[in-house]
Amino acid sequence: MHFPLIGLHAWLGEFAAVMFVWAFIEMLTGAERNVQRARLATLLGLVLVFAAWLAGGFYYVEIYGAGVKPVIKQGPMPWAHSILMETKEHVFIFLPFLAFLAHEMLKRLSANLPRGVILRKPTQYLLGFLALMTGSMALFGFLVSSGFRAALEQVVL
């Protein structure tokens, strides 16, 4: 039953990455209608990141630590856990907070247009960082899953 849960976690995280890319692109011009769409994208991204946080956290505590981690560490790609999953664990904690910050910055920016121009560049940087981090989380998750599959194949052969 854990495979649908990890699939849901991955889908939520990847879709959140798309939302942050959308918001980043909207902020390239900074027009009022673009800021409004960016706010919508960050709100959706925030909800998706938080949902991925819950699904992934539950999976990690209930399934990964006891069942998946030891298999990966004994397999041909132990670095998948030692480097990538350890990185995911730490970045994962901060993503909802950064997503919330991005949404709040966009709210303040849209409330103060055109005076809020000073917030435009920092908001763009934060959105770009969020897009990069959420995208990296998806890539790292794929590689960790590959480490698990490789370990299982090694046992079967």
# chains A, B, ... in the order shown; residues from 1 in each chain; ligands from 1
call {"tool": "residues_around", "arguments": {"residues": "Tyr59 (chain A)", "least_positions_apart": "3", "cutoff": "9 Å", "atoms": "only C-alpha atoms", "output": "MDAnalysis selection string"}}
result
chainID A and resid 2 5:6 9 54:56 62:65
call {"tool": "residues_around", "arguments": {"residues": "Val21 (chain A)", "least_positions_apart": "3", "cutoff": "10 Å", "atoms": "only C-alpha atoms", "output": "PDB file with C-alpha atoms, in the first residue's frame"}}
result
ATOM      1  CA  PHE A  15       3.181  19.732  -9.436  1.00  0.00           C
ATOM      2  CA  ALA A  16       4.316  22.194  -6.745  1.00  0.00           C
ATOM      3  CA  ALA A  17       7.555  22.690  -8.705  1.00  0.00           C
ATOM      4  CA  VAL A  18       5.476  23.533 -11.788  1.00  0.00           C
ATOM      5  CA  PHE A  24       8.600  32.809 -11.499  1.00  0.00           C
ATOM      6  CA  ILE A  25       7.674  33.296 -15.141  1.00  0.00           C
ATOM      7  CA  GLU A  26       4.741  35.532 -14.209  1.00  0.00           C
ATOM      8  CA  MET A  27       7.094  37.750 -12.204  1.00  0.00           C
ATOM      9  CA  ALA A  38       1.807  34.509  -9.459  1.00  0.00           C
ATOM     10  CA  ALA A  41       0.419  29.868  -8.393  1.00  0.00           C
ATOM     11  CA  THR A  42       2.252  30.295  -5.075  1.00  0.00           C
ATOM     12  CA  GLY A  45       2.314  25.583  -4.688  1.00  0.00           C
ATOM     13  CA  LEU A 127      10.535  31.878  -6.605  1.00  0.00           C
ATOM     14  CA  GLY A 128      13.473  30.745  -8.725  1.00  0.00           C
ATOM     15  CA  PHE A 129      15.063  29.147  -5.676  1.00  0.00           C
ATOM     16  CA  LEU A 130      11.788  27.376  -4.820  1.00  0.00           C
ATOM     17  CA  ALA A 131      11.444  26.094  -8.386  1.00  0.00           C
ATOM     18  CA  LEU A 132      15.024  24.837  -8.292  1.00  0.00           C
ATOM     19  CA  THR A 134      11.314  21.509  -5.568  1.00  0.00           C
ATOM     20  CA  GLY A 135      12.621  20.301  -8.923  1.00  0.00           C
TER      21      GLY A 135
END
call {"tool": "closest_residue", "arguments": {"among": "A:Lys88, A:Met77, A:Leu40, A:Leu28", "to": "Pro122 (chain A)", "atoms": "only C-alpha atoms"}}
result
A:Leu28
call {"tool": "closest_residue", "arguments": {"among": "A:Val35, A:Ala66, A:Ala80, A:Met105", "to": "Phe140 (chain A)", "atoms": "only C-alpha atoms"}}
result
A:Ala80
call {"tool": "select_by_dssp", "arguments": {"residues": "chain A", "states": "alpha helix (DSSP H)", "output": "MDAnalysis selection string"}}
result
chainID A and resid 2:26 32:59 69:74 79 86:111 117:156
call {"tool": "residues_around", "arguments": {"residues": "Lys69 (chain A)", "least_positions_apart": "3", "cutoff": "10 Å", "atoms": "only C-alpha atoms", "output": "ChimeraX atom specification"}}
result
/A:60,63-66,72-75,78,80-82,85,144,147-148
call {"tool": "atom_distance", "arguments": {"atom1": "CA of Ser136 (chain A)", "atom2": "CA of Pro4 (chain A)"}}
result
21.1 Å
